[in-house]
$ cat run.cif   # mmCIF, C-alpha atoms and all ligand atoms
data_model
#
loop_
_atom_site.label_atom_id
_atom_site.label_comp_id
_atom_site.auth_asym_id
_atom_site.auth_seq_id
_atom_site.Cartn_x
_atom_site.Cartn_y
_atom_site.Cartn_z
CA MET Q 56 -37.49 -32.93 -61.29
CA THR Q 57 -36.30 -29.49 -60.15
CA ALA Q 58 -32.70 -28.38 -60.45
CA ALA Q 59 -32.30 -28.82 -56.72
CA ASP Q 60 -33.23 -32.50 -56.95
CA GLU Q 61 -30.89 -33.18 -59.80
CA GLU Q 62 -28.55 -36.05 -59.12
CA ILE Q 63 -24.85 -35.39 -59.62
CA ILE Q 64 -23.12 -38.37 -58.02
CA ARG Q 65 -24.43 -41.89 -57.88
CA LEU Q 66 -22.93 -45.09 -56.52
CA LYS Q 67 -24.84 -48.12 -57.74
CA ASN Q 68 -24.27 -51.52 -56.16
CA VAL Q 69 -20.63 -50.70 -55.64
CA TYR Q 70 -18.31 -53.38 -54.26
CA LYS Q 71 -14.65 -52.88 -53.57
CA LEU Q 72 -12.47 -55.71 -52.35
CA PHE Q 73 -8.79 -55.37 -51.60
CA GLY Q 74 -6.60 -58.34 -52.35
CA PRO Q 75 -5.02 -60.30 -55.20
CA GLN Q 76 -8.29 -61.71 -56.58
CA PRO Q 77 -11.05 -59.30 -55.76
CA THR Q 78 -13.58 -60.87 -58.12
CA GLY Q 79 -12.90 -64.43 -56.92
CA ARG Q 80 -14.11 -66.35 -53.92
CA ALA Q 81 -13.97 -63.35 -51.64
CA PHE Q 82 -16.54 -61.58 -53.79
CA ASP Q 83 -18.84 -64.61 -53.69
CA LEU Q 84 -18.56 -64.67 -49.92
CA VAL Q 85 -19.46 -60.98 -49.63
CA LYS Q 86 -22.44 -61.40 -51.92
CA ALA Q 87 -23.57 -64.39 -49.87
CA GLY Q 88 -23.71 -62.10 -46.85
CA VAL Q 89 -20.58 -63.25 -45.06
CA GLY Q 90 -19.32 -60.56 -42.68
CA LYS Q 91 -16.23 -58.45 -43.26
CA ASN Q 92 -14.08 -60.17 -40.64
CA ASP Q 93 -15.04 -63.63 -41.84
CA VAL Q 94 -14.35 -62.73 -45.46
CA GLN Q 95 -10.91 -61.60 -44.41
CA ARG Q 96 -10.31 -64.74 -42.37
CA MET Q 97 -11.60 -67.07 -45.07
CA SER Q 98 -10.15 -65.42 -48.17
CA GLY Q 99 -7.50 -62.95 -47.06
CA HIS Q 100 -9.37 -60.16 -48.81
CA VAL Q 101 -10.48 -56.93 -47.18
CA VAL Q 102 -13.98 -55.65 -47.78
CA GLY Q 103 -13.71 -51.96 -48.63
CA LEU Q 104 -17.24 -51.41 -49.96
CA ASN Q 105 -20.15 -53.82 -49.73
CA ASN Q 106 -22.99 -53.06 -52.13
CA VAL Q 107 -22.95 -49.31 -51.57
CA ASN Q 108 -25.78 -47.28 -53.05
CA PHE Q 109 -26.30 -43.58 -52.70
CA SER Q 110 -27.33 -40.66 -54.81
CA ILE Q 111 -26.08 -37.15 -54.14
CA ARG Q 112 -28.08 -34.19 -55.36
CA LYS Q 113 -26.64 -31.07 -56.89
CA GLY Q 114 -25.96 -28.43 -54.27
CA GLU Q 115 -26.24 -30.61 -51.19
CA ILE Q 116 -23.76 -31.37 -48.45
CA PHE Q 117 -23.74 -35.15 -48.27
CA VAL Q 118 -21.82 -36.47 -45.31
CA VAL Q 119 -20.52 -40.01 -45.05
CA MET Q 120 -19.94 -40.95 -41.45
CA GLY Q 121 -18.58 -44.10 -39.86
CA LEU Q 122 -15.87 -45.49 -37.64
CA SER Q 123 -12.30 -46.00 -38.77
CA GLY Q 124 -12.17 -48.69 -41.45
CA SER Q 125 -15.87 -48.46 -42.32
CA GLY Q 126 -15.09 -47.57 -45.93
CA LYS Q 127 -15.53 -43.81 -46.01
CA SER Q 128 -12.29 -42.99 -47.78
CA THR Q 129 -12.73 -45.93 -50.11
CA ALA Q 130 -16.16 -44.60 -51.05
CA ILE Q 131 -14.94 -41.06 -51.77
CA ARG Q 132 -12.03 -42.42 -53.79
CA THR Q 133 -14.36 -44.23 -56.15
CA VAL Q 134 -15.84 -40.87 -57.13
CA ASN Q 135 -12.59 -39.58 -58.62
CA LYS Q 136 -11.39 -43.06 -59.52
CA LEU Q 137 -8.45 -43.08 -57.18
CA HIS Q 138 -9.71 -46.64 -56.70
CA ASP Q 139 -10.97 -49.05 -59.33
CA ILE Q 140 -14.06 -50.81 -58.08
CA THR Q 141 -14.69 -54.54 -58.04
CA SER Q 142 -18.26 -54.34 -59.26
CA GLY Q 143 -21.02 -51.79 -59.72
CA GLU Q 144 -21.21 -48.35 -61.23
CA VAL Q 145 -20.09 -44.86 -60.25
CA LEU Q 146 -21.73 -42.02 -62.15
CA VAL Q 147 -20.66 -38.40 -61.86
CA ASP Q 148 -22.80 -35.98 -63.81
CA GLY Q 149 -23.88 -38.87 -65.99
CA VAL Q 150 -20.31 -39.96 -66.72
CA ASP Q 151 -19.37 -43.56 -65.90
CA VAL Q 152 -16.19 -42.85 -64.00
CA GLN Q 153 -14.81 -46.35 -64.36
CA LEU Q 154 -14.59 -45.91 -68.13
CA LEU Q 155 -12.25 -42.92 -67.82
CA SER Q 156 -8.51 -43.22 -68.02
CA GLY Q 157 -5.40 -41.28 -68.95
CA SER Q 158 -5.80 -37.66 -69.93
CA ALA Q 159 -9.60 -37.87 -69.96
CA LEU Q 160 -9.55 -38.98 -66.31
CA GLN Q 161 -7.09 -36.22 -65.41
CA ALA Q 162 -9.17 -33.58 -67.12
CA PHE Q 163 -12.31 -34.91 -65.43
CA ARG Q 164 -10.71 -34.71 -61.98
CA ARG Q 165 -9.34 -31.25 -62.55
CA GLU Q 166 -12.45 -29.72 -63.99
CA LYS Q 167 -15.17 -31.41 -62.02
CA MET Q 168 -13.83 -31.66 -58.51
CA GLY Q 169 -11.70 -30.08 -55.86
CA MET Q 170 -10.29 -32.13 -53.04
CA VAL Q 171 -9.51 -31.30 -49.42
CA PHE Q 172 -7.86 -33.82 -47.13
CA GLN Q 173 -7.08 -34.10 -43.46
CA HIS Q 174 -3.43 -33.38 -44.07
CA PHE Q 175 -3.29 -30.24 -46.00
CA ALA Q 176 -0.73 -31.43 -48.54
CA LEU Q 177 0.47 -27.90 -49.23
CA PHE Q 178 3.84 -27.17 -50.76
CA PRO Q 179 5.81 -25.77 -47.83
CA HIS Q 180 8.35 -23.94 -49.96
CA ARG Q 181 5.73 -22.16 -52.05
CA ASN Q 182 3.78 -19.18 -50.83
CA VAL Q 183 0.05 -19.24 -50.16
CA ILE Q 184 -1.09 -17.79 -53.45
CA ASP Q 185 0.99 -20.24 -55.47
CA ASN Q 186 -0.41 -23.14 -53.48
CA VAL Q 187 -3.95 -21.97 -54.06
CA GLY Q 188 -3.35 -21.38 -57.77
CA TYR Q 189 -1.61 -24.71 -58.26
CA GLY Q 190 -4.61 -26.50 -59.76
CA LEU Q 191 -4.96 -23.72 -62.32
CA LYS Q 192 -1.27 -23.84 -63.12
CA VAL Q 193 -1.62 -27.51 -63.91
CA GLN Q 194 -4.49 -26.59 -66.20
CA GLY Q 195 -2.16 -24.19 -68.02
CA VAL Q 196 -3.86 -20.99 -66.87
CA ALA Q 197 -1.66 -17.89 -67.17
CA LYS Q 198 -0.07 -16.52 -64.00
CA SER Q 199 -2.00 -13.25 -63.84
CA GLU Q 200 -5.29 -15.05 -64.28
CA ARG Q 201 -4.59 -17.75 -61.74
CA ASP Q 202 -3.40 -15.18 -59.20
CA LYS Q 203 -6.69 -13.40 -59.63
CA ALA Q 204 -8.67 -16.61 -59.08
CA ALA Q 205 -6.44 -17.59 -56.17
CA LEU Q 206 -6.96 -14.23 -54.46
CA GLN Q 207 -10.67 -14.54 -54.92
CA ALA Q 208 -10.65 -18.02 -53.37
CA LEU Q 209 -8.46 -16.74 -50.54
CA SER Q 210 -10.91 -13.96 -49.83
CA LEU Q 211 -13.65 -16.59 -49.45
CA VAL Q 212 -11.70 -18.14 -46.60
CA GLY Q 213 -10.54 -14.80 -45.18
CA LEU Q 214 -6.85 -15.18 -45.99
CA GLU Q 215 -6.16 -12.72 -48.79
CA ALA Q 216 -3.80 -10.82 -46.49
CA TYR Q 217 -1.57 -13.91 -46.29
CA ALA Q 218 -1.22 -14.44 -50.02
CA LYS Q 219 2.53 -13.89 -50.02
CA ASN Q 220 3.33 -15.76 -46.83
CA ALA Q 221 4.97 -19.15 -46.85
CA THR Q 222 2.44 -21.82 -45.89
CA SER Q 223 4.82 -23.00 -43.16
CA GLU Q 224 4.19 -19.68 -41.40
CA LEU Q 225 0.50 -20.45 -40.97
CA SER Q 226 -1.33 -22.24 -38.18
CA GLY Q 227 -3.03 -25.58 -38.81
CA GLY Q 228 -6.44 -23.96 -39.17
CA MET Q 229 -5.07 -21.41 -41.62
CA GLN Q 230 -3.35 -24.12 -43.63
CA GLN Q 231 -6.61 -25.99 -43.87
CA ARG Q 232 -8.24 -22.79 -45.12
CA VAL Q 233 -5.56 -22.60 -47.79
CA GLY Q 234 -6.40 -26.20 -48.68
CA LEU Q 235 -10.05 -25.25 -49.03
CA ALA Q 236 -9.17 -22.17 -51.10
CA ARG Q 237 -7.03 -24.36 -53.36
CA ALA Q 238 -9.98 -26.66 -53.94
CA LEU Q 239 -12.25 -23.70 -54.67
CA ALA Q 240 -9.83 -21.86 -56.97
CA THR Q 241 -10.66 -23.98 -60.00
CA ASP Q 242 -14.36 -23.40 -59.31
CA PRO Q 243 -15.31 -27.09 -59.48
CA ASP Q 244 -18.92 -28.26 -59.16
CA ILE Q 245 -17.96 -30.87 -56.60
CA LEU Q 246 -15.87 -30.70 -53.45
CA LEU Q 247 -14.55 -33.95 -52.02
CA MET Q 248 -13.54 -33.45 -48.42
CA ASP Q 249 -12.06 -36.40 -46.54
CA GLU Q 250 -11.78 -35.68 -42.79
CA ALA Q 251 -10.89 -32.15 -43.83
CA PHE Q 252 -11.39 -30.69 -40.36
CA SER Q 253 -10.53 -33.72 -38.24
CA ALA Q 254 -7.02 -32.60 -37.35
CA LEU Q 255 -8.15 -29.21 -36.04
CA ASP Q 256 -8.84 -28.12 -32.46
CA PRO Q 257 -12.54 -28.27 -31.59
CA LEU Q 258 -12.95 -24.50 -31.62
CA ILE Q 259 -11.15 -23.95 -34.91
CA ARG Q 260 -13.01 -26.92 -36.28
CA ARG Q 261 -16.37 -25.35 -35.52
CA GLN Q 262 -15.22 -22.12 -37.10
CA MET Q 263 -14.21 -23.98 -40.23
CA GLN Q 264 -17.57 -25.75 -40.33
CA ASP Q 265 -19.35 -22.41 -40.05
CA GLU Q 266 -17.20 -20.84 -42.73
CA MET Q 267 -17.69 -23.76 -45.04
CA MET Q 268 -21.45 -23.51 -44.63
CA GLU Q 269 -21.30 -19.77 -45.33
CA ILE Q 270 -19.25 -20.36 -48.45
CA GLN Q 271 -21.70 -23.05 -49.46
CA ASP Q 272 -24.64 -20.67 -49.07
CA GLU Q 273 -22.89 -18.43 -51.56
CA LEU Q 274 -21.47 -20.93 -54.04
CA HIS Q 275 -23.89 -23.90 -53.93
CA LYS Q 276 -21.29 -26.56 -54.61
CA THR Q 277 -22.02 -30.23 -54.20
CA ILE Q 278 -20.00 -31.36 -51.21
CA LEU Q 279 -19.18 -34.95 -50.35
CA PHE Q 280 -17.83 -34.68 -46.85
CA ILE Q 281 -16.31 -37.53 -44.88
CA THR Q 282 -16.07 -37.58 -41.11
CA HIS Q 283 -15.97 -40.05 -38.26
CA ASP Q 284 -17.68 -37.52 -35.99
CA LEU Q 285 -21.48 -37.74 -35.93
CA ASN Q 286 -21.75 -34.31 -34.33
CA GLU Q 287 -19.92 -32.81 -37.27
CA ALA Q 288 -22.00 -34.85 -39.70
CA LEU Q 289 -25.29 -33.70 -38.21
CA ARG Q 290 -24.12 -30.13 -37.97
CA ILE Q 291 -23.13 -29.63 -41.59
CA GLY Q 292 -24.93 -32.36 -43.50
CA ASP Q 293 -28.08 -31.88 -45.52
CA ARG Q 294 -28.12 -35.66 -45.51
CA VAL Q 295 -25.98 -38.11 -43.63
CA CYS Q 296 -24.96 -41.59 -44.74
CA ILE Q 297 -23.82 -43.93 -42.00
CA MET Q 298 -21.43 -46.73 -42.94
CA LYS Q 299 -20.22 -49.82 -41.15
CA ASP Q 300 -17.92 -52.55 -42.48
CA GLY Q 301 -18.12 -51.13 -45.99
CA ALA Q 302 -21.92 -51.13 -46.10
CA VAL Q 303 -24.45 -48.31 -45.88
CA ILE Q 304 -26.52 -48.62 -42.72
CA GLN Q 305 -28.74 -45.56 -43.04
CA ILE Q 306 -29.13 -42.45 -45.15
CA GLY Q 307 -31.27 -39.60 -43.90
CA THR Q 308 -31.52 -36.00 -42.84
CA PRO Q 309 -29.94 -35.20 -39.48
CA GLU Q 310 -33.42 -35.19 -37.93
CA GLU Q 311 -34.21 -38.60 -39.36
CA ILE Q 312 -30.95 -40.07 -38.13
CA LEU Q 313 -31.60 -38.71 -34.66
CA THR Q 314 -35.23 -39.50 -34.28
CA GLU Q 315 -35.51 -42.65 -36.41
CA PRO Q 316 -32.19 -44.47 -36.14
CA ALA Q 317 -32.46 -47.50 -38.44
CA THR Q 318 -30.47 -49.89 -36.28
CA GLY Q 319 -29.03 -50.20 -32.82
CA TYR Q 320 -25.67 -49.32 -34.29
CA VAL Q 321 -26.94 -45.91 -35.39
CA ALA Q 322 -28.86 -45.46 -32.16
CA GLN Q 323 -25.69 -46.02 -30.22
CA PHE Q 324 -23.99 -43.19 -32.07
CA VAL Q 325 -27.01 -41.01 -31.61
CA GLN Q 326 -26.81 -41.48 -27.87
CA ASP Q 327 -23.63 -39.44 -27.77
CA VAL Q 328 -25.07 -36.57 -29.75
CA ASP Q 329 -26.42 -33.34 -28.47
CA GLN Q 330 -29.90 -33.71 -29.93
CA GLY Q 331 -30.94 -30.23 -28.97
CA ARG Q 332 -28.75 -28.92 -31.71
CA VAL Q 333 -30.63 -30.71 -34.42
CA ILE Q 334 -34.25 -31.09 -33.36
CA GLN Q 335 -36.31 -28.06 -34.32
CA VAL Q 336 -39.12 -26.31 -32.54
CA HIS Q 337 -41.78 -27.29 -35.09
CA GLU Q 338 -41.15 -30.93 -34.25
CA VAL Q 339 -42.12 -30.51 -30.62
CA MET Q 340 -44.65 -27.68 -30.72
CA THR Q 341 -48.37 -28.21 -30.23
CA GLU Q 342 -51.30 -26.50 -31.95
CA PRO Q 343 -51.68 -22.92 -30.77
CA ARG Q 344 -54.14 -22.55 -27.88
CA THR Q 345 -55.67 -19.12 -27.86
CA VAL Q 346 -58.04 -17.27 -25.60
CA ASP Q 347 -60.36 -14.56 -26.80
CA GLN Q 348 -59.52 -11.22 -25.24
CA SER Q 349 -63.19 -10.68 -24.46
CA ALA Q 350 -63.47 -14.00 -22.60
CA THR Q 351 -64.02 -14.13 -18.86
CA LEU Q 352 -61.29 -15.50 -16.68
CA ALA Q 353 -63.29 -18.68 -16.11
CA GLN Q 354 -63.76 -19.25 -19.85
CA ALA Q 355 -60.09 -18.56 -20.46
CA LEU Q 356 -59.03 -21.05 -17.82
CA GLU Q 357 -61.20 -23.63 -19.49
CA SER Q 358 -59.43 -23.02 -22.83
CA ILE Q 359 -56.11 -23.92 -21.25
CA ASN Q 360 -57.55 -27.36 -20.81
CA GLY Q 361 -55.00 -28.67 -18.38
CA ARG Q 362 -52.01 -27.63 -20.49
CA GLY Q 363 -49.45 -24.98 -19.60
CA GLY Q 364 -51.20 -21.91 -20.96
CA SER Q 365 -53.06 -20.06 -23.70
CA PHE Q 366 -52.21 -16.95 -25.69
CA SER Q 367 -54.37 -13.98 -26.45
CA CYS Q 368 -53.68 -12.54 -29.90
CA ASP Q 369 -54.28 -9.30 -31.77
CA HIS Q 370 -56.40 -9.13 -34.94
CA ARG Q 371 -53.40 -10.29 -37.02
CA GLY Q 372 -52.99 -13.38 -34.89
CA ARG Q 373 -49.89 -12.08 -33.13
CA PRO Q 374 -49.62 -13.09 -29.47
CA THR Q 375 -50.01 -10.22 -27.04
CA GLY Q 376 -50.56 -11.95 -23.73
CA LEU Q 377 -50.11 -15.30 -22.05
CA LEU Q 378 -52.47 -16.82 -19.53
CA THR Q 379 -50.89 -19.61 -17.55
CA ALA Q 380 -53.01 -21.96 -15.46
CA GLU Q 381 -51.15 -20.80 -12.40
CA ASP Q 382 -51.69 -17.07 -12.99
CA GLY Q 383 -55.33 -17.70 -13.89
CA LEU Q 384 -56.07 -19.68 -10.77
CA ARG Q 385 -54.28 -17.16 -8.58
CA ALA Q 386 -56.30 -14.32 -10.09
CA ALA Q 387 -59.52 -16.29 -9.65
CA ARG Q 388 -58.72 -16.93 -6.00
CA SER Q 389 -58.18 -13.23 -5.45
CA GLY Q 390 -61.75 -12.70 -6.57
CA THR Q 391 -61.44 -11.24 -10.06
CA SER Q 392 -63.46 -12.54 -12.99
CA GLU Q 393 -61.63 -10.50 -15.63
CA LEU Q 394 -59.03 -11.95 -17.94
CA ALA Q 395 -56.88 -8.89 -18.66
CA PRO Q 396 -55.15 -8.54 -15.26
CA ALA Q 397 -54.17 -12.22 -15.32
CA LEU Q 398 -52.40 -11.99 -18.71
CA ARG Q 399 -48.65 -11.61 -18.75
CA ASN Q 400 -46.61 -10.14 -21.57
CA ASP Q 401 -43.15 -11.30 -20.53
CA PHE Q 402 -43.44 -14.52 -22.54
CA ASP Q 403 -40.80 -15.68 -25.03
CA SER Q 404 -41.30 -16.03 -28.78
CA VAL Q 405 -39.31 -18.30 -31.08
CA GLY Q 406 -39.43 -19.37 -34.75
CA PRO Q 407 -40.47 -22.86 -35.90
CA SER Q 408 -37.00 -23.61 -37.25
CA HIS Q 409 -35.11 -22.66 -34.13
CA THR Q 410 -33.31 -25.60 -32.56
CA LEU Q 411 -34.15 -26.81 -29.09
CA ASN Q 412 -30.79 -25.54 -27.88
CA GLN Q 413 -31.80 -22.06 -28.93
CA VAL Q 414 -34.89 -22.21 -26.76
CA TYR Q 415 -33.42 -23.87 -23.69
CA ALA Q 416 -32.94 -20.61 -21.86
CA ALA Q 417 -36.54 -19.62 -22.53
CA ALA Q 418 -37.75 -23.09 -21.59
CA GLY Q 419 -35.84 -22.80 -18.34
CA ARG Q 420 -38.30 -20.13 -17.23
CA GLY Q 421 -40.98 -22.79 -17.17
CA LEU Q 422 -43.47 -20.74 -19.20
CA PRO Q 423 -45.09 -21.83 -22.44
CA ILE Q 424 -43.21 -20.36 -25.41
CA ALA Q 425 -45.00 -18.75 -28.35
CA VAL Q 426 -43.95 -20.07 -31.76
CA VAL Q 427 -44.45 -17.34 -34.34
CA ASP Q 428 -43.96 -17.26 -38.11
CA ASP Q 429 -42.14 -14.55 -40.07
CA ASN Q 430 -45.14 -12.24 -39.70
CA GLY Q 431 -45.22 -12.67 -35.96
CA LYS Q 432 -48.37 -14.81 -36.15
CA LEU Q 433 -48.83 -17.50 -33.52
CA VAL Q 434 -48.39 -20.92 -35.15
CA GLY Q 435 -47.74 -23.12 -32.16
CA ILE Q 436 -46.84 -23.42 -28.53
CA VAL Q 437 -43.86 -25.08 -26.96
CA ASP Q 438 -44.51 -26.45 -23.54
CA PRO Q 439 -41.14 -26.57 -21.75
CA ARG Q 440 -42.01 -30.09 -20.65
CA SER Q 441 -42.32 -31.30 -24.23
CA ILE Q 442 -38.68 -30.46 -24.83
CA MET Q 443 -37.69 -32.80 -22.07
CA GLU Q 444 -40.18 -35.39 -23.34
CA GLU Q 445 -38.65 -35.26 -26.82
CA MET Q 446 -35.20 -35.81 -25.38
CA GLY Q 447 -36.59 -38.69 -23.33
CA ARG Q 448 -38.19 -40.23 -26.41
CA VAL Q 449 -34.86 -40.37 -28.18
CA GLU Q 450 -33.30 -42.00 -25.12
CA GLN Q 451 -36.05 -44.61 -25.16
CA LEU Q 452 -35.46 -45.32 -28.82
CA VAL Q 453 -31.88 -46.08 -27.95
CA ASP Q 454 -32.97 -48.35 -25.09
CA GLY Q 455 -35.32 -50.16 -27.44
CA PHE Q 456 -32.39 -51.28 -29.53
CA GLU Q 457 -30.46 -52.42 -26.52
CA ARG Q 458 -30.83 -56.15 -27.12
CA GLU Q 459 -29.49 -55.89 -30.67
CA VAL Q 460 -25.92 -56.83 -31.36
CA PHE Q 461 -23.96 -53.65 -31.91
CA MET Q 462 -20.58 -54.60 -33.21
N1 LIG Q 501 -5.17 -49.81 -50.33
C1 LIG Q 501 -5.74 -50.70 -49.49
N2 LIG Q 501 -5.34 -51.96 -49.42
C2 LIG Q 501 -5.93 -52.84 -48.60
N3 LIG Q 501 -6.95 -52.55 -47.79
C3 LIG Q 501 -7.39 -51.28 -47.81
C4 LIG Q 501 -6.81 -50.29 -48.63
N4 LIG Q 501 -7.48 -49.12 -48.43
C5 LIG Q 501 -8.41 -49.39 -47.51
N5 LIG Q 501 -8.36 -50.68 -47.13
C6 LIG Q 501 -9.26 -51.33 -46.17
O1 LIG Q 501 -10.58 -51.04 -46.51
C7 LIG Q 501 -11.36 -50.78 -45.38
C8 LIG Q 501 -11.96 -49.41 -45.48
O2 LIG Q 501 -10.91 -48.47 -45.38
P1 LIG Q 501 -11.15 -46.91 -45.49
O3 LIG Q 501 -9.82 -46.27 -45.61
O4 LIG Q 501 -12.13 -46.63 -46.56
O5 LIG Q 501 -11.80 -46.59 -44.08
P2 LIG Q 501 -12.24 -45.19 -43.48
O6 LIG Q 501 -13.66 -45.33 -43.13
O7 LIG Q 501 -11.84 -44.10 -44.37
O8 LIG Q 501 -11.39 -45.16 -42.12
P3 LIG Q 501 -10.62 -43.94 -41.40
O9 LIG Q 501 -11.66 -43.25 -40.56
O10 LIG Q 501 -9.62 -44.65 -40.55
O11 LIG Q 501 -10.02 -43.07 -42.44
C9 LIG Q 501 -10.44 -50.97 -44.19
O12 LIG Q 501 -10.64 -52.23 -43.65
C10 LIG Q 501 -9.07 -50.82 -44.78
O13 LIG Q 501 -8.17 -51.62 -44.06
MG MG Q 502 -10.48 -42.51 -44.20
#

$ encode --input "run.cif" --output "structure tokens"
Amino acid sequence: MTAADEEIIRLKNVYKLFGPQPTGRAFDLVKAGVGKNDVQRMSGHVVGLNNVNFSIRKGEIFVVMGLSGSGKSTAIRTVNKLHDITSGEVLVDGVDVQLLSGSALQAFRREKMGMVFQHFALFPHRNVIDNVGYGLKVQGVAKSERDKAALQALSLVGLEAYAKNATSELSGGMQQRVGLARALATDPDILLMDEAFSALDPLIRRQMQDEMMEIQDELHKTILFITHDLNEALRIGDRVCIMKDGAVIQIGTPEEILTEPATGYVAQFVQDVDQGRVIQVHEVMTEPRTVDQSATLAQALESINGRGGSFSCDHRGRPTGLLTAEDGLRAARSGTSELAPALRNDFDSVGPSHTLNQVYAAAGRGLPIAVVDDNGKLVGIVDPRSIMEEMGRVEQLVDGFEREVFM
């Protein structure tokens, strides 16, 4: 196991029922597969978590996504034991969280994790730097030292200039940055973020997502991020966990969620997502088709083999010219048998990990697009049609689930 695969948070068969007798009849009903609404009707207990299992690796952004009431907040609260669980096990860095209490629990929360919530929960009468340094103050860190750490955290979120301002003087987006800086100031391994960006305007929200990902590239925290927005989940998540009625429906990379939705419920969400932002070029490209520069026009046309075009390459395999079927046929009709005059060099090149959205403009030209690696070598071809086909395939997947019961 490499360091990157190391597990840091694990929920194992976790159940959480709300009500006076969580381990009584209600629990039996849940285990027998009775649905959340029926459990509530029959026992008066609310199903918070229903046999939840997931494992979060060190350094990843793990996003839990689901509708209101699906159990997202309940799940995150088991990690810092803001909730006791009804049954199961929650392990954080090998520690069984349920066994912690009192000062040991407090120390564990303070040292291991930082928390960011939807409502910033800043002290309005304290200035920014004191808010950010608050967690360190609680830990008994001296003022000069915590100011230093607070300033450093503020610089990560671009707010060091506001250190002495009152938090009430800041905009919502800035206040949320202060919240993030506060969570980072104690330098915890784990960030727990519950709808941290949900109250922000779409534009500011995107900015915050970008900034968080930049900070993450630098600091490599483990981030458990909760959202009800699948677009946000797919944008920032290394892996996404979809919940419904307290149960996990699917866990996967954004690509897997989009292209292999496990149920109609997931597929329905996926329908509303801009897939072009997630699907990458290598998933739709075909094997490179190349034509030898010394070939005749007729031979070159044959190599296209009914597809959009072929590339001629230099001795390092870098594309230098594109022969489309159309250009080739036109040249042939005009009587030439040479390849060179029919080649065009105004083709577009993209990388295998570009997203479809990044190649839309190029695809709009209707020409085959060269996919090149870091050395400029041709590794594939994107036919503009295949982009549309891929989008269509996802639509069909959704249709295929149509007869399932969604809610
Ligand atoms: N303290 C509580 N007492 C009783 N029921 C609770 C409590 N906290 C949560 N629940 C119930 O547990 C279920 C899951 O709630 P939870 O807050 O985890 O949902 P959520 O996915 O975070 O929703 P939201 O997107 O609205 O924040 C809901 O049905 C909720 O009513
Ligand atoms: Mg919630």

$ residues_near_ligand --input "run.cif" --ligand "ligand MG 502 (chain Q)" --cutoff "7 Å" --atoms "only C-alpha atoms and all ligand atoms" --output "list in words"
Ser123, Gly124, Lys127, Ser128 and Asp249 of chain Q

$ residues_near_ligand --input "run.cif" --ligand "ligand LIG 501 (chain Q)" --cutoff "9 Å" --atoms "all atoms listed in the file" --output "ChimeraX atom specification"
/Q:71-74,91,100-104,119-132,138,249-250,281-283,298-301

$ closest_residue --input "run.cif" --among "Q:Leu247, Q:Val183, Q:Ala204, Q:Leu356" --to "Ser223 in chain Q" --atoms "all atoms listed in the file"
Q:Val183

$ residues_around --input "run.cif" --residues "Thr345 in chain Q" --least-positions-apart "3" --cutoff "10 Å" --atoms "all atoms listed in the file" --output "ChimeraX atom specification"
/Q:342,348,355,358-359,364-368,372,374,376-378,433,435-436

$ atom_distance --input "run.cif" --atom1 "CA of Gln153 in chain Q" --atom2 "CA of Gly292 in chain Q"
27.1 Å

$ atom_distance --input "run.cif" --atom1 "CA of Val233 in chain Q" --atom2 "CA of Glu62 in chain Q"
28.9 Å

$ closest_residue --input "run.cif" --among "Q:Glu444, Q:Gln207, Q:Val303, Q:Leu398" --to "Lys67 in chain Q" --atoms "all atoms listed in the file"
Q:Val303

$ closest_residue --input "run.cif" --among "Q:Ile442, Q:Leu206, Q:Ile116, Q:Val147" --to "Lys276 in chain Q" --atoms "all atoms listed in the file"
Q:Ile116

$ atom_distance --input "run.cif" --atom1 "CA of Gly363 in chain Q" --atom2 "CA of Thr379 in chain Q"
5.9 Å
